[in-house]
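Q: Following this line is final-v1.txt, made up of compact mmCIF, C-alpha atoms:
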```txt
# COMPACT_ATOMS: atom_id res chain seq x y z
CA MET A 1 -15.96 -4.29 -13.69
CA THR A 2 -13.85 -4.46 -16.84
CA SER A 3 -12.22 -7.69 -18.05
CA ARG A 4 -8.77 -6.20 -17.37
CA GLU A 5 -9.79 -5.42 -13.80
CA ARG A 6 -11.21 -8.93 -13.35
CA ALA A 7 -8.03 -10.54 -14.73
CA LEU A 8 -5.88 -8.42 -12.41
CA GLY A 9 -8.09 -9.41 -9.47
CA TRP A 10 -7.67 -13.12 -10.22
CA LEU A 11 -3.92 -12.73 -10.71
CA ALA A 12 -3.64 -10.89 -7.40
CA GLY A 13 -5.71 -13.57 -5.65
CA LEU A 14 -3.51 -16.33 -7.09
CA GLY A 15 -0.38 -14.39 -6.15
CA LEU A 16 -1.56 -13.88 -2.57
CA THR A 17 -2.43 -17.58 -2.26
CA ALA A 18 1.03 -18.51 -3.56
CA GLY A 19 2.53 -15.99 -1.14
CA LEU A 20 0.74 -17.58 1.81
CA VAL A 21 1.81 -21.09 0.75
CA MET A 22 5.41 -19.87 0.47
CA ALA A 23 5.30 -17.96 3.78
CA PHE A 24 3.90 -20.87 5.80
CA GLY A 25 4.87 -23.94 3.78
CA VAL A 26 8.17 -23.23 2.04
CA ALA A 27 10.09 -20.58 3.99
CA PRO A 28 12.03 -22.12 6.86
CA ARG A 29 11.74 -21.16 10.52
CA GLU A 30 14.24 -18.32 10.98
CA ALA A 31 17.14 -19.32 13.25
CA THR A 32 17.23 -16.23 15.52
CA GLN A 33 13.66 -14.95 15.68
CA GLY A 34 11.73 -18.18 15.12
CA ASN A 35 8.39 -18.21 13.34
CA VAL A 36 7.54 -14.60 14.21
CA GLN A 37 9.91 -13.58 11.38
CA ARG A 38 7.19 -14.78 8.94
CA ILE A 39 5.57 -11.37 9.51
CA MET A 40 8.34 -10.04 7.24
CA TYR A 41 6.59 -11.53 4.16
CA LEU A 42 3.75 -9.10 4.82
CA HIS A 43 5.58 -6.17 6.37
CA VAL A 44 8.29 -5.65 3.72
CA PRO A 45 6.13 -6.04 0.56
CA ALA A 46 3.61 -3.62 2.11
CA ILE A 47 6.17 -0.80 2.34
CA LEU A 48 7.69 -1.59 -1.07
CA VAL A 49 4.25 -1.29 -2.64
CA ALA A 50 3.62 1.91 -0.66
CA TYR A 51 6.86 3.35 -2.14
CA LEU A 52 5.56 2.39 -5.58
CA ALA A 53 2.15 3.94 -4.89
CA PHE A 54 3.62 7.24 -3.69
CA GLY A 55 6.09 7.19 -6.59
CA VAL A 56 3.07 6.97 -8.91
CA VAL A 57 1.52 9.92 -7.04
CA LEU A 58 4.73 11.91 -7.66
CA VAL A 59 4.87 11.17 -11.39
CA ALA A 60 1.13 11.69 -11.92
CA SER A 61 1.25 14.97 -9.95
CA VAL A 62 4.10 16.30 -12.11
CA ILE A 63 2.17 15.29 -15.25
CA TYR A 64 -0.94 17.03 -13.93
CA LEU A 65 0.89 20.29 -13.17
CA TRP A 66 2.56 20.10 -16.61
CA GLY A 67 -0.51 19.54 -18.76
CA ARG A 68 -3.60 19.68 -16.49
CA ALA A 69 -4.64 16.18 -17.57
CA ALA A 70 -7.62 15.06 -15.45
CA GLY A 71 -6.55 11.42 -15.83
CA ALA A 72 -3.21 12.17 -14.13
CA ASP A 73 -5.03 13.71 -11.16
CA ARG A 74 -7.31 10.67 -10.93
CA LEU A 75 -4.29 8.37 -11.00
CA ALA A 76 -2.53 10.36 -8.25
CA HIS A 77 -5.65 10.35 -6.07
CA ALA A 78 -6.28 6.61 -6.49
CA SER A 79 -2.63 5.73 -5.92
CA ALA A 80 -2.40 7.85 -2.76
CA GLU A 81 -5.47 6.14 -1.30
CA VAL A 82 -4.16 2.63 -2.00
CA GLY A 83 -0.69 3.66 -0.77
CA VAL A 84 -2.15 4.78 2.55
CA VAL A 85 -3.78 1.35 3.01
CA PHE A 86 -0.44 -0.43 2.40
CA THR A 87 1.49 1.99 4.65
CA GLY A 88 -1.07 1.40 7.41
CA ILE A 89 -0.56 -2.36 7.03
CA ASN A 90 3.22 -1.89 7.17
CA ILE A 91 3.02 0.16 10.37
CA ALA A 92 0.53 -2.17 12.08
CA THR A 93 2.39 -5.38 11.18
CA GLY A 94 5.66 -3.72 12.22
CA ALA A 95 4.20 -2.94 15.64
CA ILE A 96 3.00 -6.55 16.01
CA TRP A 97 6.45 -7.81 14.99
CA GLY A 98 8.17 -5.31 17.28
CA LYS A 99 6.46 -6.45 20.48
CA PRO A 100 7.98 -9.96 20.70
CA THR A 101 11.34 -9.01 19.12
CA TRP A 102 12.06 -5.55 20.63
CA GLY A 103 9.75 -5.77 23.63
CA THR A 104 7.69 -2.78 22.52
CA TRP A 105 4.89 -2.03 20.05
CA TRP A 106 6.36 1.35 19.16
CA THR A 107 9.50 3.39 19.61
CA TRP A 108 10.49 6.79 18.17
CA ASP A 109 13.16 5.21 16.03
CA ALA A 110 14.12 7.02 12.79
CA ARG A 111 12.58 4.35 10.49
CA LEU A 112 9.33 4.08 12.45
CA THR A 113 8.93 7.82 12.86
CA SER A 114 9.65 8.64 9.21
CA THR A 115 7.18 5.93 8.11
CA ALA A 116 4.53 7.41 10.42
CA VAL A 117 5.22 10.84 8.89
CA LEU A 118 4.89 9.32 5.39
CA PHE A 119 1.50 7.86 6.40
CA LEU A 120 0.30 11.18 7.87
CA VAL A 121 1.44 13.19 4.83
CA TYR A 122 -0.70 11.08 2.49
CA VAL A 123 -3.65 10.99 4.91
CA GLY A 124 -3.30 14.78 4.82
CA TYR A 125 -3.21 14.64 1.01
CA LEU A 126 -6.55 12.78 1.01
CA LEU A 127 -8.08 15.12 3.60
CA LEU A 128 -6.95 18.14 1.56
CA ARG A 129 -8.71 16.73 -1.50
CA GLY A 130 -11.89 16.41 0.53
CA MET A 131 -11.70 20.03 1.69
CA VAL A 132 -11.41 21.81 -1.68
CA ASP A 133 -14.53 21.85 -3.87
CA GLU A 134 -13.22 23.49 -7.04
CA PRO A 135 -11.71 20.61 -9.13
CA ASP A 136 -8.73 22.44 -10.69
CA ARG A 137 -7.72 24.12 -7.41
CA ARG A 138 -8.09 20.78 -5.59
CA ALA A 139 -5.98 18.96 -8.18
CA ARG A 140 -3.26 21.65 -8.16
CA ALA A 141 -3.01 21.78 -4.35
CA ALA A 142 -3.00 17.97 -4.12
CA ALA A 143 -0.32 17.73 -6.83
CA VAL A 144 1.98 20.05 -4.85
CA VAL A 145 1.51 17.95 -1.69
CA GLY A 146 1.97 14.76 -3.74
CA ILE A 147 5.29 16.02 -5.07
CA LEU A 148 6.59 17.35 -1.74
CA GLY A 149 5.40 14.25 0.13
CA ALA A 150 7.49 11.99 -2.10
CA ALA A 151 10.64 13.60 -0.63
CA ASN A 152 9.93 11.48 2.44
CA ILE A 153 10.32 8.17 0.55
CA PRO A 154 14.17 8.23 0.45
CA ILE A 155 14.18 9.51 4.04
CA VAL A 156 12.17 6.44 5.14
CA HIS A 157 14.30 4.06 3.11
CA PHE A 158 17.72 5.41 4.10
CA SER A 159 16.79 6.36 7.68
CA VAL A 160 18.35 3.12 8.97
CA LYS A 161 21.61 4.09 7.24
CA TRP A 162 21.65 7.81 8.06
CA TRP A 163 20.71 7.57 11.74
CA ARG A 164 21.36 5.12 14.53
CA ALA A 165 18.17 3.05 14.58
CA LEU A 166 16.65 0.12 16.44
CA HIS A 167 15.17 -1.08 13.16
CA GLN A 168 17.44 -3.44 11.24
CA PRO A 169 19.27 -2.06 8.17
CA SER A 170 18.03 -2.79 4.63
CA THR A 171 18.57 -6.38 3.57
CA ILE A 172 17.06 -5.82 0.13
CA LEU A 173 17.35 -2.70 -2.04
CA GLY A 174 20.56 -1.99 -0.15
CA PRO A 175 23.99 -1.25 -1.65
CA GLU A 176 25.46 -4.63 -0.65
CA PRO A 177 24.38 -8.04 -2.02
CA SER A 178 21.48 -9.42 0.03
CA PRO A 179 22.54 -11.88 2.77
CA ILE A 180 19.08 -13.54 2.81
CA ALA A 181 18.89 -17.33 2.28
CA THR A 182 17.35 -18.39 -1.05
CA PRO A 183 14.02 -19.83 0.26
CA ILE A 184 13.43 -16.70 2.35
CA ALA A 185 14.35 -14.40 -0.56
CA ALA A 186 12.09 -16.40 -2.94
CA THR A 187 9.16 -16.15 -0.48
CA LEU A 188 9.72 -12.44 -0.14
CA LEU A 189 9.84 -12.04 -3.93
CA VAL A 190 6.59 -14.00 -4.46
CA ASN A 191 4.81 -11.88 -1.84
CA TRP A 192 6.25 -8.69 -3.31
CA ILE A 193 4.90 -9.65 -6.75
CA ALA A 194 1.52 -10.60 -5.23
CA PHE A 195 1.26 -7.28 -3.39
CA THR A 196 2.23 -5.40 -6.56
CA LEU A 197 -0.53 -7.21 -8.49
CA LEU A 198 -2.97 -6.41 -5.69
CA PHE A 199 -1.90 -2.77 -5.84
CA ALA A 200 -2.48 -2.72 -9.62
CA TYR A 201 -5.93 -4.27 -9.14
CA LEU A 202 -7.02 -1.89 -6.35
CA LEU A 203 -5.61 1.08 -8.26
CA THR A 204 -7.53 0.13 -11.41
CA ALA A 205 -10.76 -0.39 -9.44
CA ARG A 206 -10.36 2.93 -7.60
CA MET A 207 -9.63 4.81 -10.83
CA GLU A 208 -12.67 3.28 -12.48
CA ILE A 209 -14.85 4.63 -9.64
CA ALA A 210 -13.27 8.09 -9.90
CA ARG A 211 -13.78 8.14 -13.68
CA PHE A 212 -17.42 7.13 -13.27
CA GLU A 213 -18.01 9.80 -10.59
CA GLU A 214 -16.40 12.53 -12.70
CA THR A 215 -18.35 11.58 -15.81
CA HIS A 216 -21.64 11.67 -13.93
CA ALA A 217 -20.82 14.81 -11.93
CA GLY A 218 -19.83 16.77 -15.03
CA MET B 1 13.13 -17.52 21.04
CA PRO B 2 9.52 -18.74 21.40
CA ASP B 3 7.54 -18.98 18.20
CA ASN B 4 4.93 -16.33 19.01
CA TRP B 5 2.37 -17.75 16.59
CA GLY B 6 -0.25 -15.45 18.14
CA TYR B 7 1.65 -12.42 16.83
CA VAL B 8 2.08 -14.01 13.40
CA PHE B 9 -1.64 -14.79 13.01
CA SER B 10 -2.59 -11.37 14.41
CA ALA B 11 -0.44 -9.66 11.77
CA TYR B 12 -1.82 -11.75 8.90
CA GLY B 13 -5.39 -11.44 10.24
CA LEU B 14 -5.13 -7.68 10.56
CA ALA B 15 -3.73 -7.31 7.04
CA ALA B 16 -6.50 -9.55 5.67
CA VAL B 17 -9.18 -7.48 7.43
CA ALA B 18 -7.70 -4.21 6.14
CA LEU B 19 -7.34 -5.40 2.54
CA LEU B 20 -10.70 -7.20 2.40
CA GLY B 21 -12.39 -4.21 4.03
CA TYR B 22 -10.92 -1.80 1.49
CA TRP B 23 -11.75 -4.12 -1.41
CA ARG B 24 -15.36 -4.54 -0.23
CA ARG B 25 -15.64 -0.77 0.11
CA LEU B 26 -14.49 -0.29 -3.49
CA VAL B 27 -16.77 -3.03 -4.84
CA GLY B 28 -19.75 -1.64 -2.89
CA ARG B 29 -19.12 1.87 -4.14
CA ALA B 30 -18.81 0.70 -7.76
CA LYS B 31 -22.03 -1.29 -7.40
CA ARG B 32 -23.92 1.69 -5.92
CA LEU B 33 -22.70 3.88 -8.79
CA ALA B 34 -23.70 1.29 -11.39
CA ASP B 35 -27.14 0.86 -9.75
CA GLY B 36 -27.61 4.64 -9.72
CA GLU B 37 -26.75 4.83 -13.41
CA GLY B 38 -29.24 2.03 -14.16
CA ARG B 39 -32.00 3.87 -12.32
CA THR B 40 -31.17 7.16 -14.08
CA GLY B 41 -31.19 5.31 -17.40
CA ASN B 42 -34.64 3.88 -16.67
CA GLU B 43 -36.02 7.26 -15.61
CA THR B 44 -34.77 9.08 -18.67
CA GLY B 45 -35.43 6.19 -21.03
```
Could I get this structure in the form of structure tokens?

A:
Amino acid sequence: MTSRERALGWLAGLGLTAGLVMAFGVAPREATQGNVQRIMYLHVPAILVAYLAFGVVLVASVIYLWGRAAGADRLAHASAEVGVVFTGINIATGAIWGKPTWGTWWTWDARLTSTAVLFLVYVGYLLLRGMVDEPDRRARAAAVVGILGAANIPIVHFSVKWWRALHQPSTILGPEPSPIATPIAATLLVNWIAFTLLFAYLLTARMEIARFEETHAG
Amino acid sequence: MPDNWGYVFSAYGLAAVALLGYWRRLVGRAKRLADGEGRTGNETG
């Protein structure tokens, strides 16, 4: 483990601890939903980090197709894997939040369905990588899927605006100023930063493994 | 609305299990690779 990786790991750990303190000790009980709304501090940062991860896949895939840089392919692969973990967390915590608030674990709402498609696209991306042995062919095919898959990110994000949905509209990253109360917004921000640090740490660790495997395979 | 603490702790617990599980998997894989390199180094050295 490199010193940069270790420092990122400690920062992420501190961030997550601060996030938990904020979520359970600082953020108030939400007036309409009660304490179950605290799931938001997990659910929203998870999808924002997944957007970031798949955005990295998009950029790294374009760079790979442009110049055939092995490092860009490694970055795309690592970022897709970590992105799938965060998307899975978003979907699972959303289902747990949905049961007491909507009365159902799952519904074929536009936001939920497009997020499930996003998850499946990147699971497919990882499966595809496992099915092709020749490194350049594997990287090229994965890059194409990584670029096409990113088209789903705006569909997920704007689905609540474009279609009638059970899921609430965007309260952050929306066109209007956020109506969220300051302590709730601050808690969300701290958790968002913590999840981003955790993403950076996991991405670095995963890339290190890939680099090691490639060096010793070649 | 009732507080539904059970749902809150389930969500946080599930996320913790997923993230810790993935992290342990990465750490274990890195350790196995490093151990393998050490053994190869000993054999060739």

Q: I'd like the interatomic distance between CA of Tyr64 in chain A and CA of Ile47 in chain A, to a tenth of an Å.

A: 25.2 Å

Q: Near range 5-16 of chain B, within 7 Å and counting only C-alpha atoms, which residues show up once chain neighbours fewer than 4 positions away are dropped, as a list in words?

A: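 The residues satisfying every condition are Asn35, Val36, Arg38, Ile39, Ile89, Thr93, Ile96 and Trp97 of chain A; Leu20 of chain B.
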
Q: List as a PDB file with C-alpha atoms, in the coordinates of the input the residues having at least one atom at most 12 Å from position (-3.9, -15.6, -6.4) as given in the file, counting all atoms listed in the file.

A:
```
ATOM      1  CA  ALA A   7      -8.030 -10.540 -14.730  1.00  0.00           C
ATOM      2  CA  LEU A   8      -5.880  -8.420 -12.410  1.00  0.00           C
ATOM      3  CA  GLY A   9      -8.090  -9.410  -9.470  1.00  0.00           C
ATOM      4  CA  TRP A  10      -7.670 -13.120 -10.220  1.00  0.00           C
ATOM      5  CA  LEU A  11      -3.920 -12.730 -10.710  1.00  0.00           C
ATOM      6  CA  ALA A  12      -3.640 -10.890  -7.400  1.00  0.00           C
ATOM      7  CA  GLY A  13      -5.710 -13.570  -5.650  1.00  0.00           C
ATOM      8  CA  LEU A  14      -3.510 -16.330  -7.090  1.00  0.00           C
ATOM      9  CA  GLY A  15      -0.380 -14.390  -6.150  1.00  0.00           C
ATOM     10  CA  LEU A  16      -1.560 -13.880  -2.570  1.00  0.00           C
ATOM     11  CA  THR A  17      -2.430 -17.580  -2.260  1.00  0.00           C
ATOM     12  CA  ALA A  18       1.030 -18.510  -3.560  1.00  0.00           C
ATOM     13  CA  GLY A  19       2.530 -15.990  -1.140  1.00  0.00           C
ATOM     14  CA  LEU A  20       0.740 -17.580   1.810  1.00  0.00           C
ATOM     15  CA  VAL A  21       1.810 -21.090   0.750  1.00  0.00           C
ATOM     16  CA  VAL A 190       6.590 -14.000  -4.460  1.00  0.00           C
ATOM     17  CA  ASN A 191       4.810 -11.880  -1.840  1.00  0.00           C
ATOM     18  CA  ILE A 193       4.900  -9.650  -6.750  1.00  0.00           C
ATOM     19  CA  ALA A 194       1.520 -10.600  -5.230  1.00  0.00           C
ATOM     20  CA  PHE A 195       1.260  -7.280  -3.390  1.00  0.00           C
ATOM     21  CA  THR A 196       2.230  -5.400  -6.560  1.00  0.00           C
ATOM     22  CA  LEU A 197      -0.530  -7.210  -8.490  1.00  0.00           C
ATOM     23  CA  LEU A 198      -2.970  -6.410  -5.690  1.00  0.00           C
ATOM     24  CA  TYR A 201      -5.930  -4.270  -9.140  1.00  0.00           C
TER      25      TYR A 201
END
```

Q: Applying 10 Å and all atoms listed in the file, which residues near Trp23 in chain B remain after dropping the ones on its own chain fewer than 3 positions away? List them as JSON, numbers by chain.

A: {"A": [201, 202, 205, 206], "B": [17, 18, 19, 20, 26, 27, 28, 29]}

Q: Nearest residue to chain B out of A:Trp108, A:Phe158, A:Tyr51, A:Phe86, using all atoms listed in the file?

A: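 Looking at the shortest contact to chain B, the residue is A:Phe86.
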
Q: CA of Arg137 in chain A and CA of Ala72 in chain A are how many Å apart?

A: 14.4 Å

Q: Would you work out the distance separating CA of Ile147 in chain A from CA of Thr115 in chain A, expressed in Å to one decimal?

A: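 Atom-to-atom, CA of Ile147 in chain A to CA of Thr115 in chain A, that is 16.7 Å.
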
Q: Would you mind telling me which residue in A:Val121, A:Ala92, A:Leu148, A:Leu188 lies nearest to chain B when using all atoms listed in the file?

A: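 Looking at the shortest contact to chain B, the residue is A:Ala92.
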
Q: Hey, could you patch up range 37-59 of chain A with N, CA and C atoms and hand it over as a PDB file, in the frame of the given file?

A:
```
ATOM      1  N   GLN A  37       9.284 -14.251  12.533  1.00  0.00           N
ATOM      2  CA  GLN A  37       9.910 -13.580  11.380  1.00  0.00           C
ATOM      3  C   GLN A  37       9.041 -13.678  10.133  1.00  0.00           C
ATOM      4  N   ARG A  38       8.064 -14.632  10.123  1.00  0.00           N
ATOM      5  CA  ARG A  38       7.190 -14.780   8.940  1.00  0.00           C
ATOM      6  C   ARG A  38       6.354 -13.521   8.697  1.00  0.00           C
ATOM      7  N   ILE A  39       6.273 -12.654   9.689  1.00  0.00           N
ATOM      8  CA  ILE A  39       5.570 -11.370   9.510  1.00  0.00           C
ATOM      9  C   ILE A  39       6.286 -10.534   8.430  1.00  0.00           C
ATOM     10  N   MET A  40       7.578 -10.800   8.240  1.00  0.00           N
ATOM     11  CA  MET A  40       8.340 -10.040   7.240  1.00  0.00           C
ATOM     12  C   MET A  40       7.733 -10.146   5.841  1.00  0.00           C
ATOM     13  N   TYR A  41       7.120 -11.324   5.513  1.00  0.00           N
ATOM     14  CA  TYR A  41       6.590 -11.530   4.160  1.00  0.00           C
ATOM     15  C   TYR A  41       5.357 -10.662   3.879  1.00  0.00           C
ATOM     16  N   LEU A  42       4.891 -10.012   4.918  1.00  0.00           N
ATOM     17  CA  LEU A  42       3.750  -9.100   4.820  1.00  0.00           C
ATOM     18  C   LEU A  42       4.253  -7.653   4.962  1.00  0.00           C
ATOM     19  N   HIS A  43       5.105  -7.490   5.964  1.00  0.00           N
ATOM     20  CA  HIS A  43       5.580  -6.170   6.370  1.00  0.00           C
ATOM     21  C   HIS A  43       6.442  -5.502   5.285  1.00  0.00           C
ATOM     22  N   VAL A  44       7.377  -6.234   4.716  1.00  0.00           N
ATOM     23  CA  VAL A  44       8.290  -5.650   3.720  1.00  0.00           C
ATOM     24  C   VAL A  44       7.585  -5.377   2.390  1.00  0.00           C
ATOM     25  N   PRO A  45       6.849  -6.354   1.818  1.00  0.00           N
ATOM     26  CA  PRO A  45       6.130  -6.040   0.560  1.00  0.00           C
ATOM     27  C   PRO A  45       5.157  -4.867   0.715  1.00  0.00           C
ATOM     28  N   ALA A  46       4.563  -4.726   1.900  1.00  0.00           N
ATOM     29  CA  ALA A  46       3.610  -3.620   2.110  1.00  0.00           C
ATOM     30  C   ALA A  46       4.296  -2.270   1.917  1.00  0.00           C
ATOM     31  N   ILE A  47       5.504  -2.109   2.467  1.00  0.00           N
ATOM     32  CA  ILE A  47       6.170  -0.800   2.340  1.00  0.00           C
ATOM     33  C   ILE A  47       6.738  -0.625   0.933  1.00  0.00           C
ATOM     34  N   LEU A  48       7.171  -1.722   0.300  1.00  0.00           N
ATOM     35  CA  LEU A  48       7.690  -1.590  -1.070  1.00  0.00           C
ATOM     36  C   LEU A  48       6.577  -1.153  -2.020  1.00  0.00           C
ATOM     37  N   VAL A  49       5.385  -1.688  -1.806  1.00  0.00           N
ATOM     38  CA  VAL A  49       4.250  -1.290  -2.640  1.00  0.00           C
ATOM     39  C   VAL A  49       3.815   0.142  -2.293  1.00  0.00           C
ATOM     40  N   ALA A  50       3.942   0.519  -1.034  1.00  0.00           N
ATOM     41  CA  ALA A  50       3.620   1.910  -0.660  1.00  0.00           C
ATOM     42  C   ALA A  50       4.595   2.875  -1.351  1.00  0.00           C
ATOM     43  N   TYR A  51       5.883   2.513  -1.410  1.00  0.00           N
ATOM     44  CA  TYR A  51       6.860   3.350  -2.140  1.00  0.00           C
ATOM     45  C   TYR A  51       6.403   3.504  -3.590  1.00  0.00           C
ATOM     46  N   LEU A  52       6.007   2.375  -4.186  1.00  0.00           N
ATOM     47  CA  LEU A  52       5.560   2.390  -5.580  1.00  0.00           C
ATOM     48  C   LEU A  52       4.338   3.305  -5.737  1.00  0.00           C
ATOM     49  N   ALA A  53       3.382   3.153  -4.818  1.00  0.00           N
ATOM     50  CA  ALA A  53       2.150   3.940  -4.890  1.00  0.00           C
ATOM     51  C   ALA A  53       2.463   5.442  -4.800  1.00  0.00           C
ATOM     52  N   PHE A  54       3.323   5.813  -3.864  1.00  0.00           N
ATOM     53  CA  PHE A  54       3.620   7.240  -3.690  1.00  0.00           C
ATOM     54  C   PHE A  54       4.536   7.746  -4.811  1.00  0.00           C
ATOM     55  N   GLY A  55       5.313   6.841  -5.394  1.00  0.00           N
ATOM     56  CA  GLY A  55       6.090   7.190  -6.590  1.00  0.00           C
ATOM     57  C   GLY A  55       5.152   7.505  -7.758  1.00  0.00           C
ATOM     58  N   VAL A  56       4.087   6.720  -7.876  1.00  0.00           N
ATOM     59  CA  VAL A  56       3.070   6.970  -8.910  1.00  0.00           C
ATOM     60  C   VAL A  56       2.401   8.324  -8.659  1.00  0.00           C
ATOM     61  N   VAL A  57       2.123   8.615  -7.385  1.00  0.00           N
ATOM     62  CA  VAL A  57       1.520   9.920  -7.040  1.00  0.00           C
ATOM     63  C   VAL A  57       2.446  11.045  -7.513  1.00  0.00           C
ATOM     64  N   LEU A  58       3.753  10.886  -7.257  1.00  0.00           N
ATOM     65  CA  LEU A  58       4.730  11.910  -7.660  1.00  0.00           C
ATOM     66  C   LEU A  58       4.701  12.136  -9.167  1.00  0.00           C
ATOM     67  N   VAL A  59       4.816  11.051  -9.924  1.00  0.00           N
ATOM     68  CA  VAL A  59       4.870  11.170 -11.390  1.00  0.00           C
ATOM     69  C   VAL A  59       3.553  11.751 -11.921  1.00  0.00           C
TER      70      VAL A  59
END
```
